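Printed here is query-v1.pdb (PDB, C-alpha atoms):
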```
ATOM      1  CA  MET A   1    -170.397  69.275 -16.375  1.00  0.00           C
ATOM      2  CA  SER A   2    -168.380  69.088 -19.589  1.00  0.00           C
ATOM      3  CA  GLU A   3    -166.949  65.841 -20.870  1.00  0.00           C
ATOM      4  CA  ASP A   4    -163.292  66.235 -21.848  1.00  0.00           C
ATOM      5  CA  ARG A   5    -162.510  63.126 -23.835  1.00  0.00           C
ATOM      6  CA  ILE A   6    -160.589  63.076 -27.072  1.00  0.00           C
ATOM      7  CA  THR A   7    -162.566  61.280 -29.764  1.00  0.00           C
ATOM      8  CA  VAL A   8    -161.116  58.954 -32.396  1.00  0.00           C
ATOM      9  CA  GLU A   9    -161.969  61.557 -35.038  1.00  0.00           C
ATOM     10  CA  GLU A  10    -160.085  64.266 -33.113  1.00  0.00           C
ATOM     11  CA  LEU A  11    -157.086  61.936 -32.724  1.00  0.00           C
ATOM     12  CA  LYS A  12    -157.053  61.350 -36.484  1.00  0.00           C
ATOM     13  CA  TYR A  13    -157.058  65.094 -37.175  1.00  0.00           C
ATOM     14  CA  MET A  14    -154.323  65.681 -34.559  1.00  0.00           C
ATOM     15  CA  SER A  15    -152.081  63.026 -36.077  1.00  0.00           C
ATOM     16  CA  ILE A  16    -152.391  64.364 -39.620  1.00  0.00           C
ATOM     17  CA  PHE A  17    -151.998  67.979 -38.456  1.00  0.00           C
ATOM     18  CA  SER A  18    -148.826  67.144 -36.540  1.00  0.00           C
ATOM     19  CA  GLU A  19    -147.389  65.162 -39.444  1.00  0.00           C
ATOM     20  CA  VAL A  20    -148.024  67.943 -41.987  1.00  0.00           C
ATOM     21  CA  THR A  21    -146.909  70.871 -39.807  1.00  0.00           C
ATOM     22  CA  GLY A  22    -144.297  69.397 -37.476  1.00  0.00           C
ATOM     23  CA  ALA A  23    -146.035  71.217 -34.619  1.00  0.00           C
ATOM     24  CA  THR A  24    -146.841  69.552 -31.311  1.00  0.00           C
ATOM     25  CA  VAL A  25    -150.631  69.397 -31.019  1.00  0.00           C
ATOM     26  CA  TYR A  26    -152.133  69.467 -27.556  1.00  0.00           C
ATOM     27  CA  ARG A  27    -155.736  69.126 -28.633  1.00  0.00           C
ATOM     28  CA  CYS A  28    -158.156  69.252 -31.557  1.00  0.00           C
ATOM     29  CA  LEU A  29    -161.739  70.341 -30.990  1.00  0.00           C
ATOM     30  CA  ILE A  30    -164.555  70.039 -33.505  1.00  0.00           C
ATOM     31  CA  ASP A  31    -167.255  72.693 -33.458  1.00  0.00           C
ATOM     32  CA  GLY A  32    -170.476  70.814 -34.139  1.00  0.00           C
ATOM     33  CA  GLU A  33    -172.302  73.984 -35.193  1.00  0.00           C
ATOM     34  CA  SER A  34    -169.823  75.553 -37.651  1.00  0.00           C
ATOM     35  CA  ARG A  35    -167.915  72.330 -38.395  1.00  0.00           C
ATOM     36  CA  LYS A  36    -164.644  74.223 -37.874  1.00  0.00           C
ATOM     37  CA  LEU A  37    -161.589  72.486 -36.470  1.00  0.00           C
ATOM     38  CA  TYR A  38    -159.693  74.196 -33.666  1.00  0.00           C
ATOM     39  CA  PHE A  39    -156.150  73.033 -32.997  1.00  0.00           C
ATOM     40  CA  LEU A  40    -154.329  73.908 -29.805  1.00  0.00           C
ATOM     41  CA  VAL A  41    -150.569  73.692 -30.219  1.00  0.00           C
ATOM     42  CA  LYS A  42    -147.614  73.832 -27.863  1.00  0.00           C
ATOM     43  CA  ARG A  43    -146.375  77.291 -26.888  1.00  0.00           C
ATOM     44  CA  GLY A  44    -143.922  78.485 -29.540  1.00  0.00           C
ATOM     45  CA  ASP A  45    -145.279  76.144 -32.257  1.00  0.00           C
ATOM     46  CA  LEU A  46    -147.928  78.516 -33.657  1.00  0.00           C
ATOM     47  CA  GLY A  47    -145.710  79.788 -36.490  1.00  0.00           C
ATOM     48  CA  ARG A  48    -144.688  76.261 -37.443  1.00  0.00           C
ATOM     49  CA  ALA A  49    -148.327  75.138 -37.360  1.00  0.00           C
ATOM     50  CA  VAL A  50    -149.550  77.948 -39.624  1.00  0.00           C
ATOM     51  CA  GLY A  51    -146.587  77.782 -42.007  1.00  0.00           C
ATOM     52  CA  ARG A  52    -145.166  80.452 -44.275  1.00  0.00           C
ATOM     53  CA  ASN A  53    -148.012  82.600 -45.649  1.00  0.00           C
ATOM     54  CA  GLY A  54    -150.535  80.223 -44.033  1.00  0.00           C
ATOM     55  CA  ARG A  55    -149.474  77.370 -46.325  1.00  0.00           C
ATOM     56  CA  ASN A  56    -150.072  74.580 -43.783  1.00  0.00           C
ATOM     57  CA  ILE A  57    -153.531  75.868 -42.899  1.00  0.00           C
ATOM     58  CA  LYS A  58    -154.507  76.065 -46.582  1.00  0.00           C
ATOM     59  CA  VAL A  59    -153.262  72.535 -47.280  1.00  0.00           C
ATOM     60  CA  LEU A  60    -154.992  71.076 -44.217  1.00  0.00           C
ATOM     61  CA  SER A  61    -158.250  72.970 -44.843  1.00  0.00           C
ATOM     62  CA  GLU A  62    -158.418  71.439 -48.310  1.00  0.00           C
ATOM     63  CA  LEU A  63    -157.467  67.997 -47.022  1.00  0.00           C
ATOM     64  CA  PHE A  64    -160.017  68.041 -44.165  1.00  0.00           C
ATOM     65  CA  LYS A  65    -162.611  70.019 -46.168  1.00  0.00           C
ATOM     66  CA  ARG A  66    -163.151  72.218 -43.100  1.00  0.00           C
ATOM     67  CA  GLN A  67    -162.061  75.609 -41.887  1.00  0.00           C
ATOM     68  CA  ILE A  68    -159.189  75.496 -39.411  1.00  0.00           C
ATOM     69  CA  GLU A  69    -158.116  77.846 -36.629  1.00  0.00           C
ATOM     70  CA  VAL A  70    -154.977  77.385 -34.543  1.00  0.00           C
ATOM     71  CA  PHE A  71    -154.193  78.743 -31.083  1.00  0.00           C
ATOM     72  CA  GLU A  72    -151.352  78.276 -28.614  1.00  0.00           C
ATOM     73  CA  TYR A  73    -152.386  76.116 -25.659  1.00  0.00           C
ATOM     74  CA  SER A  74    -151.858  77.128 -22.056  1.00  0.00           C
ATOM     75  CA  ASP A  75    -152.939  75.266 -18.938  1.00  0.00           C
ATOM     76  CA  ASP A  76    -153.427  78.663 -17.272  1.00  0.00           C
ATOM     77  CA  ILE A  77    -157.008  79.754 -17.943  1.00  0.00           C
ATOM     78  CA  ALA A  78    -156.201  83.500 -18.083  1.00  0.00           C
ATOM     79  CA  GLU A  79    -153.369  82.912 -20.561  1.00  0.00           C
ATOM     80  CA  MET A  80    -155.596  80.626 -22.645  1.00  0.00           C
ATOM     81  CA  VAL A  81    -158.258  83.338 -22.778  1.00  0.00           C
ATOM     82  CA  LYS A  82    -155.651  85.792 -24.111  1.00  0.00           C
ATOM     83  CA  ASN A  83    -154.550  83.252 -26.730  1.00  0.00           C
ATOM     84  CA  LEU A  84    -158.153  82.812 -27.925  1.00  0.00           C
ATOM     85  CA  PHE A  85    -158.547  86.532 -28.666  1.00  0.00           C
ATOM     86  CA  PRO A  86    -155.567  87.458 -30.866  1.00  0.00           C
ATOM     87  CA  GLY A  87    -155.318  91.149 -31.680  1.00  0.00           C
ATOM     88  CA  VAL A  88    -157.532  92.113 -28.729  1.00  0.00           C
ATOM     89  CA  GLU A  89    -156.001  93.935 -25.779  1.00  0.00           C
ATOM     90  CA  ILE A  90    -157.246  92.093 -22.719  1.00  0.00           C
ATOM     91  CA  LEU A  91    -157.046  94.169 -19.564  1.00  0.00           C
ATOM     92  CA  LYS A  92    -158.285  91.627 -17.021  1.00  0.00           C
ATOM     93  CA  VAL A  93    -159.533  88.038 -16.745  1.00  0.00           C
ATOM     94  CA  ASP A  94    -161.649  87.136 -13.704  1.00  0.00           C
ATOM     95  CA  VAL A  95    -162.415  83.468 -13.018  1.00  0.00           C
ATOM     96  CA  ILE A  96    -165.208  82.673 -10.566  1.00  0.00           C
ATOM     97  CA  GLU A  97    -165.704  79.114  -9.337  1.00  0.00           C
ATOM     98  CA  ARG A  98    -169.411  78.225  -9.234  1.00  0.00           C
ATOM     99  CA  GLY A  99    -170.419  74.721  -8.227  1.00  0.00           C
ATOM    100  CA  GLU A 100    -169.688  72.437 -11.158  1.00  0.00           C
ATOM    101  CA  GLY A 101    -168.400  75.115 -13.531  1.00  0.00           C
ATOM    102  CA  LYS A 102    -166.491  78.350 -13.838  1.00  0.00           C
ATOM    103  CA  ILE A 103    -167.576  81.806 -14.919  1.00  0.00           C
ATOM    104  CA  VAL A 104    -165.028  83.874 -16.828  1.00  0.00           C
ATOM    105  CA  ASN A 105    -165.354  87.644 -17.147  1.00  0.00           C
ATOM    106  CA  VAL A 106    -162.993  89.215 -19.679  1.00  0.00           C
ATOM    107  CA  THR A 107    -162.365  92.965 -19.615  1.00  0.00           C
ATOM    108  CA  VAL A 108    -161.060  94.404 -22.891  1.00  0.00           C
ATOM    109  CA  LYS A 109    -160.222  97.887 -24.138  1.00  0.00           C
ATOM    110  CA  GLU A 110    -163.439  99.644 -25.155  1.00  0.00           C
ATOM    111  CA  GLU A 111    -162.320  99.943 -28.795  1.00  0.00           C
ATOM    112  CA  ASP A 112    -161.567  96.180 -28.920  1.00  0.00           C
ATOM    113  CA  LYS A 113    -164.971  95.058 -27.642  1.00  0.00           C
ATOM    114  CA  GLY A 114    -166.463  94.524 -31.123  1.00  0.00           C
ATOM    115  CA  LYS A 115    -163.405  92.578 -32.283  1.00  0.00           C
ATOM    116  CA  ALA A 116    -163.497  90.436 -29.133  1.00  0.00           C
ATOM    117  CA  ILE A 117    -167.163  89.551 -29.580  1.00  0.00           C
ATOM    118  CA  GLY A 118    -166.941  89.029 -33.351  1.00  0.00           C
ATOM    119  CA  ARG A 119    -169.656  88.987 -35.988  1.00  0.00           C
ATOM    120  CA  ASP A 120    -172.800  87.384 -34.557  1.00  0.00           C
ATOM    121  CA  GLY A 121    -170.805  86.628 -31.383  1.00  0.00           C
ATOM    122  CA  ARG A 122    -168.691  83.989 -33.131  1.00  0.00           C
ATOM    123  CA  ASN A 123    -165.477  84.747 -31.201  1.00  0.00           C
ATOM    124  CA  VAL A 124    -167.250  84.487 -27.856  1.00  0.00           C
ATOM    125  CA  LYS A 125    -168.982  81.242 -28.918  1.00  0.00           C
ATOM    126  CA  ARG A 126    -165.636  79.779 -30.033  1.00  0.00           C
ATOM    127  CA  ALA A 127    -163.916  80.754 -26.778  1.00  0.00           C
ATOM    128  CA  ARG A 128    -166.837  79.490 -24.681  1.00  0.00           C
ATOM    129  CA  MET A 129    -166.766  76.114 -26.447  1.00  0.00           C
ATOM    130  CA  ILE A 130    -162.989  75.679 -26.119  1.00  0.00           C
ATOM    131  CA  LEU A 131    -162.815  76.893 -22.514  1.00  0.00           C
ATOM    132  CA  GLY A 132    -165.837  74.753 -21.628  1.00  0.00           C
ATOM    133  CA  LYS A 133    -164.088  71.616 -22.873  1.00  0.00           C
ATOM    134  CA  LEU A 134    -160.686  72.407 -21.371  1.00  0.00           C
ATOM    135  CA  PHE A 135    -161.527  74.176 -18.113  1.00  0.00           C
ATOM    136  CA  ASN A 136    -165.225  73.459 -17.497  1.00  0.00           C
ATOM    137  CA  VAL A 137    -166.223  77.086 -18.127  1.00  0.00           C
ATOM    138  CA  SER A 138    -169.999  77.447 -18.206  1.00  0.00           C
ATOM    139  CA  LYS A 139    -170.227  81.182 -18.866  1.00  0.00           C
ATOM    140  CA  LEU A 140    -167.997  83.725 -20.625  1.00  0.00           C
ATOM    141  CA  THR A 141    -168.698  87.450 -20.759  1.00  0.00           C
ATOM    142  CA  ILE A 142    -166.853  90.305 -22.438  1.00  0.00           C
ATOM    143  CA  LYS A 143    -166.882  93.651 -20.611  1.00  0.00           C
TER
END
```
Output the structure of this file as structure tokens.
Amino acid sequence: MSEDRITVEELKYMSIFSEVTGATVYRCLIDGESRKLYFLVKRGDLGRAVGRNGRNIKVLSELFKRQIEVFEYSDDIAEMVKNLFPGVEILKVDVIERGEGKIVNVTVKEEDKGKAIGRDGRNVKRARMILGKLFNVSKLTIK
């Protein structure tokens, strides 16, 4: 079972991010493997968070000395899945409840499959980590 507690470090990043961008931050997640920071912002705040020409992201990346990615948050798992795969046409999201966790099967257009998976599976790993923390997803597959 995943532990969904916000750490002091995540709170610090959220506070600074919100102050610099003016966006409402729902959550910050730190990827222990890539050391990237993922910020989940309120629906409609994505443009404000990124800033004109990505200015806010550049400033914050330099300040935090980490790569940053920003996504709109949704408490609906299917909508959150769509938000985590920008530029990918998602045809269907199936969520299966299994004991302690959930299994999510994402069906995408055939020509978008490579983009959805990402180099070395990085997009799937990112989505699995975020969905695991937020929705207790234990498995994510792209079809």
Find the spatial neighbours of Val20 in chain A, counting all atoms listed in the file, within a cut-off of 8 Å - ignore same-chain residues fewer than 3 positions away - and output them as number ranges by chain. A: 16-17, 56, 60
Residues in the PyMOL selection byres ((chain A and resi 140) around 9), expressed as a list in words: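 That selection, the PyMOL selection byres ((chain A and resi 140) around 9), comes back as Lys102, Ile103, Val104, Asn105, Val106, Val124, Lys125, Ala127, Arg128, Leu131, Val137, Ser138, Lys139, Thr141 and Ile142 of chain A.
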Between A:Ser34, A:Asn136, A:Ser74, A:Thr107, which residue has the minimum interatomic distance to Val93 in chain A, considering only C-alpha atoms?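 Of the candidates, the smallest distance to Val93 in chain A is held by A:Thr107.
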Restricting the calculation to only C-alpha atoms: of A:Arg5, A:Arg119, A:Lys36, A:Lys109, which residue gets closest to Glu69 in chain A?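 When distances to Glu69 in chain A are compared using only C-alpha atoms, the smallest one comes from A:Lys36.
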Residue contacts of Ile6 in chain A (10 Å, all atoms listed in the file) excluding same-chain residues fewer than 4 positions away, as a PyMOL selection string: chain A and resi 10-11+27-29
Got a sec to check which residues sit within 12 Å of (-167.3, 70.9, -35.7), counting all atoms listed in the file, and write them as a PyMOL selection string? chain A and resi 9-10+13+28-39+64-69+126+129-130
Any idea what the distance is between CA of Ala23 in chain A and CA of Lys58 in chain A? 15.4 Å
All residues 9 Å or closer to Tyr73 in chain A, all atoms listed in the file, same chain fewer than 3 positions away omitted, as a ChimeraX atom specification: /A:25-27,39-43,76,79-80,83
For a cutoff of 9 Å around the file-coordinate point (-152.4, 79.4, -36.1), which residues qualify once you count only C-alpha atoms? I'd like the result as a PDB file with C-alpha atoms, in the frame of the given file.
```
ATOM      1  CA  PHE A  39    -156.150  73.033 -32.997  1.00  0.00           C
ATOM      2  CA  LEU A  40    -154.329  73.908 -29.805  1.00  0.00           C
ATOM      3  CA  VAL A  41    -150.569  73.692 -30.219  1.00  0.00           C
ATOM      4  CA  ASP A  45    -145.279  76.144 -32.257  1.00  0.00           C
ATOM      5  CA  LEU A  46    -147.928  78.516 -33.657  1.00  0.00           C
ATOM      6  CA  GLY A  47    -145.710  79.788 -36.490  1.00  0.00           C
ATOM      7  CA  ARG A  48    -144.688  76.261 -37.443  1.00  0.00           C
ATOM      8  CA  ALA A  49    -148.327  75.138 -37.360  1.00  0.00           C
ATOM      9  CA  VAL A  50    -149.550  77.948 -39.624  1.00  0.00           C
ATOM     10  CA  GLY A  51    -146.587  77.782 -42.007  1.00  0.00           C
ATOM     11  CA  GLY A  54    -150.535  80.223 -44.033  1.00  0.00           C
ATOM     12  CA  ILE A  57    -153.531  75.868 -42.899  1.00  0.00           C
ATOM     13  CA  ILE A  68    -159.189  75.496 -39.411  1.00  0.00           C
ATOM     14  CA  GLU A  69    -158.116  77.846 -36.629  1.00  0.00           C
ATOM     15  CA  VAL A  70    -154.977  77.385 -34.543  1.00  0.00           C
ATOM     16  CA  PHE A  71    -154.193  78.743 -31.083  1.00  0.00           C
ATOM     17  CA  GLU A  72    -151.352  78.276 -28.614  1.00  0.00           C
TER      18      GLU A  72
END
```
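Going from CA of Val108 in chain A over to CA of Asp75 in chain A, you cover 21.2 Å.
Relative to CA of Ala116 in chain A, CA of Gly132 in chain A is found at 17.5 Å.
Checking A:Gly44, A:Glu89, A:Thr24, A:Asp4 one by one against Lys115 in chain A, counting only C-alpha atoms, you find the shortest gap at A:Glu89.
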Taking only C-alpha atoms into account, which of A:Leu91, A:Ser61, A:Gly99, A:Phe85 comes nearest Ile117 in chain A?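 The shortest atom-to-atom distance to Ile117 in chain A comes from A:Phe85.
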